Number of protein chains: 2
Amino acid sequence: MKLSIERAALLKAVSQAQSVVERRNTIPILANVLIEADGDTVQFRATDLDIEVVDKAPAKVERAGATTVAATTLHEIVRKLPDGALVTLTADSASGRLTVEAGRSNFSLATLPKEDFPVMASSEYASNFSAPAPMLRRLFDKSKFAISTEETRYYLNGVYMHVSDADGGKVLRCVATDGHRLARIDADLPEGAADMPGVIVPRKTVGELRKLLDDDEMKIAVSVSETKIRFATPDITLTSKVIDGTFPDYTRVIPQNNTRRLEVDASEFAQAVDRVATVSSERSRAVKLQLSEDKLVLSVNAPDSGAAEEELAVAYGDETLDIGFNAKYLLEIASQVDRENAVFLFNSAGDPTLMREGNDTSAVYVVMPMRV
Amino acid sequence: MKLSIERAALLKAVSQAQSVVERRNTIPILANVLIEADGDTVQFRATDLDIEVVDKAPAKVERAGATTVAATTLHEIVRKLPDGALVTLTADSASGRLTVEAGRSNFSLATLPKEDFPVMASSEYASNFSAPAPMLRRLFDKSKFAISTEETRYYLNGVYMHVSDADGGKVLRCVATDGHRLARIDADLPEGAADMPGVIVPRKTVGELRKLLDDDEMKIAVSVSETKIRFATPDITLTSKVIDGTFPDYTRVIPQNNTRRLEVDASEFAQAVDRVATVSSERSRAVKLQLSEDKLVLSVNAPDSGAAEEELAVAYGDETLDIGFNAKYLLEIASQVDRENAVFLFNSAGDPTLMREGNDTSAVYVVMPMRV
């Protein structure tokens, strides 16, 4: 294998690939990236056995071939090369080394045989459709905060992406929950997605996927089977196993009959919650909300360190209500609101509370109260 | 005590004070800041028993008095208050609480008696002088990287500031070393400093001091005794114990007869060292320098992971020389160079090497070689 490539193109491709590689590996080949050169393209493949990313870049290939080298070392080297450099990669099968040359710099890296690299088995995908990057970004960005980190409840360690019925017909829906709060985000169903099986996309995959979604104009090709999901742009293909489990019936958790309606400026609310929570250093800080006509009083009482209280002008016309929440959960939910106002729908101090952005029902959040 | 103060002025004062407070304290009062209001000034005092910082700010004092509250909590609250807010601090001796009010926010913080706060004993200072902030910044910024972190050699855990003889007469000199490398930085002797006792300024003090030195126009009042050093601006007074030990005779470490002179572009050199070091993941990475006429070859050889080599055009006219250094030490020293060229003076592959910025002898660095 011998090829030359622009440093910027190489850096982009290697960056995306190496981020999938786990920092601590007991299997040496998993620390490596598989470099394959053919035609006028070089591709970089990395995997942790659950996720595989393949990144293509244009290159001047003098001699087709393939080899594997340590992903982080290659990435570090390319990152440190001067901008604008032309980089030559040469695999020498006799010495088992990959030479990286640029200007007066010359690196010789240990390789492992390309045959040892675990390429993810290809799958039949039940459903293939195309989705705009901003749509996927919204679905995952607004739901991922609620993903559980409890490993025993592995079926909650991801975002449940599936087709569902909503008021306006079928939607593509993402749901995440950790049992304390829940996010349910809907988007228009893309053409061809109606038969998609519901899948739980693991947390790490959601994180890696995010890097493919920055370009507002990009269309993402999505392929889904019972066991795998694939997201692809023209340059990058991200394939991931999905979580082998059943996502619980979340619909029962979403309150239908909460009628006490509070409307509040989302950013004022978030800042006030953040401030009053300062006085308590406990992990699960309870914030008390005292609702009366058009008035919300937020308060925290930490006997050891102090107390805090803040008043907000809001729109509220129901009976007075005192209810407590974990400050962190309230903050995370309030920070999802893109528009000015957040609408809370309460029932009683012991029932789950619903939050949405204005009157938009395409993004709803549920949070369990705490006793205060 | 009752006072009101602009949020910005309060934040600045509390920020500086709270950074001295250690995050983990077995003595509760050390987590607190002492607030003293009198006349038209409020002052915030914090200490870790080795360093004390006192920060003054203008305030409208309605009722003079003093109390102590948790430094980090107060800082967090003030940081989160909206910009432009007017903050009222009221100490209620009956309830033992400090009330912090701003707009519709109201905080009530636990206090500890002001009598329990350990105020550092005042000292007689043998020497008092004034030094421009940029001068102190240069003395400490260029030397602190060489401070030892070995606690057993506590007398090396700081910067040795003293008066010394140099070619042009007496200078104010800062020296730091960890036994592997050494930095010796000189500045013009300020008026009144000639009788200053030599003191070892602890690492943490050097870090805290740095925050007083950002303003190029600021004059810093320096006071030195055998046991303490004090740096003061009109608003902030930083007092620190100095390390009770004898700094070793560093002059013997600085080579006088190194004649092999290499001149190299400092930033090109640093970048090349950084790149070739990438192939080795060991902590003490050795970089080999091969010197021949006007040519420098940098190389690293890590049998497991690979090898790297880079060539630089330099000015060198002496015999060929191969010498090795710890990559991290070389990088840190090269990054001290403000001007274009670094000058290295070598003797043999086993002798300490001297580095300076061009022909300027007011900042010299020594680094021990490694066998390669």
# chains A, B, ... in the order shown; residues from 1 in each chain; ligands from 1
call {"tool": "residues_around", "arguments": {"residues": "Glu191 of chain B", "least_positions_apart": "5", "cutoff": "10 Å", "atoms": "only C-alpha atoms", "output": "count of residues only"}}
result
4
call {"tool": "interface_residues", "arguments": {"of": "chain B", "to": "chain A", "cutoff": "6 Å", "atoms": "only C-alpha atoms", "output": "list of chain:residue names"}}
result
B:Lys80, B:Arg104, B:Ser105, B:Asn106, B:Phe107, B:Ser108, B:Leu109, B:Ala110, B:Arg275, B:Ser305, B:Gly306, B:Ala307, B:Ala308, B:Glu309, B:Glu310, B:Glu311
call {"tool": "write_last_selection", "arguments": {"atoms": "N, CA and C atoms", "output": "PDB file, in the first residue's frame"}}
result
ATOM      1  N   LYS B  80     -23.791  33.225  39.924  1.00  0.00           N
ATOM      2  CA  LYS B  80     -25.040  32.935  39.227  1.00  0.00           C
ATOM      3  C   LYS B  80     -26.040  34.091  39.239  1.00  0.00           C
ATOM      4  N   ARG B 104     -35.212  39.384  43.268  1.00  0.00           N
ATOM      5  CA  ARG B 104     -36.174  38.508  43.932  1.00  0.00           C
ATOM      6  C   ARG B 104     -35.521  37.266  44.521  1.00  0.00           C
ATOM      7  N   SER B 105     -34.151  37.232  44.526  1.00  0.00           N
ATOM      8  CA  SER B 105     -33.450  36.086  45.105  1.00  0.00           C
ATOM      9  C   SER B 105     -33.079  36.401  46.543  1.00  0.00           C
ATOM     10  N   ASN B 106     -33.160  35.381  47.360  1.00  0.00           N
ATOM     11  CA  ASN B 106     -32.908  35.561  48.768  1.00  0.00           C
ATOM     12  C   ASN B 106     -32.225  34.298  49.308  1.00  0.00           C
ATOM     13  N   PHE B 107     -31.020  34.458  49.844  1.00  0.00           N
ATOM     14  CA  PHE B 107     -30.285  33.309  50.364  1.00  0.00           C
ATOM     15  C   PHE B 107     -29.976  33.549  51.830  1.00  0.00           C
ATOM     16  N   SER B 108     -30.007  32.465  52.585  1.00  0.00           N
ATOM     17  CA  SER B 108     -29.686  32.578  54.000  1.00  0.00           C
ATOM     18  C   SER B 108     -28.617  31.528  54.290  1.00  0.00           C
ATOM     19  N   LEU B 109     -27.405  31.985  54.613  1.00  0.00           N
ATOM     20  CA  LEU B 109     -26.277  31.063  54.731  1.00  0.00           C
ATOM     21  C   LEU B 109     -25.821  30.893  56.170  1.00  0.00           C
ATOM     22  N   ALA B 110     -25.448  29.679  56.513  1.00  0.00           N
ATOM     23  CA  ALA B 110     -24.913  29.395  57.840  1.00  0.00           C
ATOM     24  C   ALA B 110     -23.587  30.136  58.013  1.00  0.00           C
ATOM     25  N   ARG B 275       6.259  16.300  17.733  1.00  0.00           N
ATOM     26  CA  ARG B 275       5.856  15.305  16.729  1.00  0.00           C
ATOM     27  C   ARG B 275       6.601  13.980  16.901  1.00  0.00           C
ATOM     28  N   SER B 305       6.241   0.358  19.473  1.00  0.00           N
ATOM     29  CA  SER B 305       5.229   1.070  18.697  1.00  0.00           C
ATOM     30  C   SER B 305       5.747   1.699  17.415  1.00  0.00           C
ATOM     31  N   GLY B 306       7.040   2.026  17.352  1.00  0.00           N
ATOM     32  CA  GLY B 306       7.517   2.593  16.110  1.00  0.00           C
ATOM     33  C   GLY B 306       8.692   3.517  16.299  1.00  0.00           C
ATOM     34  N   ALA B 307       8.991   4.276  15.270  1.00  0.00           N
ATOM     35  CA  ALA B 307      10.120   5.181  15.297  1.00  0.00           C
ATOM     36  C   ALA B 307       9.744   6.451  14.560  1.00  0.00           C
ATOM     37  N   ALA B 308      10.433   7.542  14.906  1.00  0.00           N
ATOM     38  CA  ALA B 308      10.157   8.798  14.227  1.00  0.00           C
ATOM     39  C   ALA B 308      11.447   9.568  14.052  1.00  0.00           C
ATOM     40  N   GLU B 309      11.529  10.345  12.982  1.00  0.00           N
ATOM     41  CA  GLU B 309      12.734  11.104  12.703  1.00  0.00           C
ATOM     42  C   GLU B 309      12.347  12.394  12.023  1.00  0.00           C
ATOM     43  N   GLU B 310      13.013  13.462  12.364  1.00  0.00           N
ATOM     44  CA  GLU B 310      12.722  14.733  11.710  1.00  0.00           C
ATOM     45  C   GLU B 310      14.015  15.539  11.620  1.00  0.00           C
ATOM     46  N   GLU B 311      14.167  16.231  10.502  1.00  0.00           N
ATOM     47  CA  GLU B 311      15.392  16.986  10.257  1.00  0.00           C
ATOM     48  C   GLU B 311      15.103  18.473  10.309  1.00  0.00           C
TER      49      GLU B 311
END
call {"tool": "select_by_dssp", "arguments": {"residues": "segment 64-292 of chain A", "states": "strand (DSSP E)", "output": "PyMOL selection string"}}
result
chain A and resi 65-70+86-92+97-102+105-112+127-132+158-166+169-177+181-188+199-202+219-224+228-232+236-241+260-265+286-292
call {"tool": "closest_residue", "arguments": {"among": "B:Ala133, B:Ala286, B:Val20, B:Ile254", "to": "Ala221 of chain B", "atoms": "only C-alpha atoms"}}
result
B:Ala133
call {"tool": "closest_residue", "arguments": {"among": "B:Ala121, B:Val201, B:Ala327, B:Val222", "to": "Tyr154 of chain B", "atoms": "only C-alpha atoms"}}
result
B:Val201
call {"tool": "residues_around", "arguments": {"residues": "segment 341-352 of chain A", "least_positions_apart": "2", "cutoff": "6 Å", "atoms": "only C-alpha atoms", "output": "PDB file with N, CA and C atoms, in the first residue's frame"}}
result
ATOM      1  N   ASN A 258     -53.181  15.634  33.614  1.00  0.00           N
ATOM      2  CA  ASN A 258     -52.651  16.745  34.411  1.00  0.00           C
ATOM      3  C   ASN A 258     -53.256  18.043  33.888  1.00  0.00           C
ATOM      4  N   THR A 259     -53.911  18.776  34.759  1.00  0.00           N
ATOM      5  CA  THR A 259     -54.659  19.943  34.276  1.00  0.00           C
ATOM      6  C   THR A 259     -54.148  21.267  34.832  1.00  0.00           C
ATOM      7  N   ARG A 260     -53.318  21.196  35.884  1.00  0.00           N
ATOM      8  CA  ARG A 260     -52.863  22.461  36.474  1.00  0.00           C
ATOM      9  C   ARG A 260     -51.701  22.989  35.642  1.00  0.00           C
ATOM     10  N   ARG A 261     -51.945  24.092  34.977  1.00  0.00           N
ATOM     11  CA  ARG A 261     -51.037  24.555  33.944  1.00  0.00           C
ATOM     12  C   ARG A 261     -50.233  25.761  34.421  1.00  0.00           C
ATOM     13  N   LEU A 262     -48.915  25.603  34.355  1.00  0.00           N
ATOM     14  CA  LEU A 262     -48.001  26.702  34.680  1.00  0.00           C
ATOM     15  C   LEU A 262     -47.232  27.057  33.422  1.00  0.00           C
ATOM     16  N   GLU A 263     -47.197  28.332  33.079  1.00  0.00           N
ATOM     17  CA  GLU A 263     -46.373  28.759  31.944  1.00  0.00           C
ATOM     18  C   GLU A 263     -45.322  29.719  32.484  1.00  0.00           C
ATOM     19  N   VAL A 264     -44.063  29.476  32.105  1.00  0.00           N
ATOM     20  CA  VAL A 264     -42.965  30.252  32.688  1.00  0.00           C
ATOM     21  C   VAL A 264     -41.869  30.460  31.636  1.00  0.00           C
ATOM     22  N   ASP A 265     -41.192  31.587  31.724  1.00  0.00           N
ATOM     23  CA  ASP A 265     -40.052  31.837  30.853  1.00  0.00           C
ATOM     24  C   ASP A 265     -38.982  30.789  31.164  1.00  0.00           C
ATOM     25  N   ALA A 266     -38.625  30.007  30.156  1.00  0.00           N
ATOM     26  CA  ALA A 266     -37.774  28.837  30.407  1.00  0.00           C
ATOM     27  C   ALA A 266     -36.399  29.227  30.931  1.00  0.00           C
ATOM     28  N   ILE A 323     -44.830  21.473  45.414  1.00  0.00           N
ATOM     29  CA  ILE A 323     -44.294  20.235  44.845  1.00  0.00           C
ATOM     30  C   ILE A 323     -42.776  20.336  44.777  1.00  0.00           C
ATOM     31  N   ARG A 339     -37.837  27.357  22.718  1.00  0.00           N
ATOM     32  CA  ARG A 339     -38.614  28.591  22.602  1.00  0.00           C
ATOM     33  C   ARG A 339     -38.677  29.293  23.949  1.00  0.00           C
ATOM     34  N   LEU A 354     -45.722  16.799  33.798  1.00  0.00           N
ATOM     35  CA  LEU A 354     -45.403  16.846  32.376  1.00  0.00           C
ATOM     36  C   LEU A 354     -44.889  18.236  32.025  1.00  0.00           C
ATOM     37  N   MET A 355     -43.901  18.283  31.144  1.00  0.00           N
ATOM     38  CA  MET A 355     -43.395  19.578  30.689  1.00  0.00           C
ATOM     39  C   MET A 355     -43.317  19.540  29.178  1.00  0.00           C
ATOM     40  N   ARG A 356     -43.675  20.634  28.533  1.00  0.00           N
ATOM     41  CA  ARG A 356     -43.499  20.704  27.081  1.00  0.00           C
ATOM     42  C   ARG A 356     -43.122  22.129  26.702  1.00  0.00           C
ATOM     43  N   GLU A 357     -42.736  22.285  25.446  1.00  0.00           N
ATOM     44  CA  GLU A 357     -42.331  23.600  24.958  1.00  0.00           C
ATOM     45  C   GLU A 357     -43.564  24.301  24.411  1.00  0.00           C
ATOM     46  N   GLY A 358     -44.037  25.294  25.123  1.00  0.00           N
ATOM     47  CA  GLY A 358     -45.259  25.982  24.708  1.00  0.00           C
ATOM     48  C   GLY A 358     -46.386  24.970  24.585  1.00  0.00           C
ATOM     49  N   VAL A 367     -41.283  14.291  34.578  1.00  0.00           N
ATOM     50  CA  VAL A 367     -40.349  14.235  35.698  1.00  0.00           C
ATOM     51  C   VAL A 367     -41.120  13.844  36.960  1.00  0.00           C
ATOM     52  N   MET A 368     -40.514  12.932  37.722  1.00  0.00           N
ATOM     53  CA  MET A 368     -41.142  12.471  38.966  1.00  0.00           C
ATOM     54  C   MET A 368     -40.846  13.478  40.069  1.00  0.00           C
TER      55      MET A 368
END
call {"tool": "select_by_dssp", "arguments": {"residues": "segment 28-136 of chain B", "states": "alpha helix (DSSP H)", "output": "list in words"}}
result
Ala71, Thr72, Thr73, Leu74, His75, Glu76, Ile77, Val78, Arg79, Lys80, Ala133, Pro134, Met135 and Leu136 of chain B
call {"tool": "closest_residue", "arguments": {"among": "A:Glu124, A:Asp188, A:Glu36, A:Asp244", "to": "Gly158 of chain A", "atoms": "only C-alpha atoms"}}
result
A:Asp244
call {"tool": "residues_around", "arguments": {"residues": "Met218 of chain B", "least_positions_apart": "5", "cutoff": "10 Å", "atoms": "only C-alpha atoms", "output": "list of chain:residue names"}}
result
B:Ala131, B:Pro132, B:Ala133, B:Pro134, B:Leu212, B:Leu213, B:Thr233, B:Pro234
call {"tool": "atom_distance", "arguments": {"atom1": "atom CA of Asp141 of chain B", "atom2": "atom CA of Pro190 of chain B"}}
result
18.4 Å
call {"tool": "atom_distance", "arguments": {"atom1": "atom CA of Val314 of chain A", "atom2": "atom CA of Ala270 of chain A"}}
result
13.3 Å
call {"tool": "atom_distance", "arguments": {"atom1": "atom CA of Pro113 of chain A", "atom2": "atom CA of Gly65 of chain A"}}
result
11.7 Å
call {"tool": "residues_around", "arguments": {"residues": "Phe325 of chain B", "least_positions_apart": "3", "cutoff": "7 Å", "atoms": "only C-alpha atoms", "output": "PyMOL selection string"}}
result
chain B and resi 286-288+330+369-370
call {"tool": "write_last_selection", "arguments": {"atoms": "all heavy atoms", "output": "short mmCIF file (atom, residue, chain, number, x, y, z; two decimals), in the first residue's frame"}}
result
data_model
loop_
_atom_site.label_atom_id
_atom_site.label_comp_id
_atom_site.auth_asym_id
_atom_site.auth_seq_id
_atom_site.Cartn_x
_atom_site.Cartn_y
_atom_site.Cartn_z
N ALA B 286 12.55 9.50 25.55
CA ALA B 286 13.83 10.08 25.19
C ALA B 286 13.82 10.49 23.73
O ALA B 286 13.44 9.73 22.85
CB ALA B 286 14.95 9.08 25.44
N VAL B 287 14.22 11.73 23.49
CA VAL B 287 14.41 12.21 22.12
C VAL B 287 15.91 12.32 21.90
O VAL B 287 16.63 12.85 22.73
CB VAL B 287 13.76 13.59 21.92
CG1 VAL B 287 14.10 14.16 20.56
CG2 VAL B 287 12.27 13.50 22.10
N LYS B 288 16.36 11.79 20.76
CA LYS B 288 17.78 11.85 20.45
C LYS B 288 18.05 13.01 19.50
O LYS B 288 17.33 13.19 18.52
CB LYS B 288 18.20 10.54 19.78
CG LYS B 288 19.67 10.39 19.49
CD LYS B 288 19.93 8.96 19.03
CE LYS B 288 21.32 8.77 18.46
NZ LYS B 288 21.44 7.40 17.93
N LEU B 330 12.48 18.95 27.21
CA LEU B 330 12.89 19.76 26.07
C LEU B 330 11.76 20.68 25.62
O LEU B 330 11.96 21.86 25.34
CB LEU B 330 13.25 18.86 24.89
CG LEU B 330 14.70 18.48 24.67
CD1 LEU B 330 14.86 17.87 23.30
CD2 LEU B 330 15.63 19.67 24.83
N PRO B 369 20.99 15.56 30.34
CA PRO B 369 20.73 14.63 29.22
C PRO B 369 20.30 13.26 29.73
O PRO B 369 20.39 12.97 30.92
CB PRO B 369 22.08 14.56 28.52
CG PRO B 369 23.08 14.87 29.57
CD PRO B 369 22.41 15.73 30.59
N MET B 370 19.81 12.44 28.82
CA MET B 370 19.44 11.05 29.10
C MET B 370 20.29 10.19 28.19
O MET B 370 20.61 10.58 27.07
CB MET B 370 17.99 10.79 28.68
CG MET B 370 16.94 11.09 29.68
SD MET B 370 15.33 10.87 28.91
CE MET B 370 14.94 9.17 29.32
#
call {"tool": "residues_around", "arguments": {"residues": "Ser267 of chain A", "least_positions_apart": "6", "cutoff": "8 Å", "atoms": "only C-alpha atoms", "output": "ChimeraX atom specification"}}
result
/A:334-335,340
call {"tool": "write_last_selection", "arguments": {"atoms": "all heavy atoms", "output": "JSON list (two decimals), in the first residue's frame"}}
result
[["chain", "number", "residue", "atom", "x", "y", "z"],
["A", 334, "ALA", "N", -35.46, 21.92, 31.75],
["A", 334, "ALA", "CA", -35.68, 23.32, 31.36],
["A", 334, "ALA", "C", -34.72, 23.74, 30.25],
["A", 334, "ALA", "O", -35.05, 24.54, 29.39],
["A", 334, "ALA", "CB", -35.56, 24.24, 32.55],
["A", 335, "SER", "N", -33.51, 23.15, 30.26],
["A", 335, "SER", "CA", -32.53, 23.56, 29.25],
["A", 335, "SER", "C", -32.80, 22.94, 27.88],
["A", 335, "SER", "O", -32.13, 23.24, 26.90],
["A", 335, "SER", "CB", -31.12, 23.23, 29.71],
["A", 335, "SER", "OG", -30.96, 21.84, 29.76],
["A", 340, "GLU", "N", -39.41, 30.40, 24.01],
["A", 340, "GLU", "CA", -39.36, 31.21, 25.20],
["A", 340, "GLU", "C", -39.95, 30.52, 26.44],
["A", 340, "GLU", "O", -39.38, 30.51, 27.50],
["A", 340, "GLU", "CB", -40.11, 32.51, 24.95],
["A", 340, "GLU", "CG", -39.42, 33.70, 25.59],
["A", 340, "GLU", "CD", -39.97, 35.00, 25.06],
["A", 340, "GLU", "OE1", -41.13, 35.28, 25.36],
["A", 340, "GLU", "OE2", -39.24, 35.72, 24.36]]
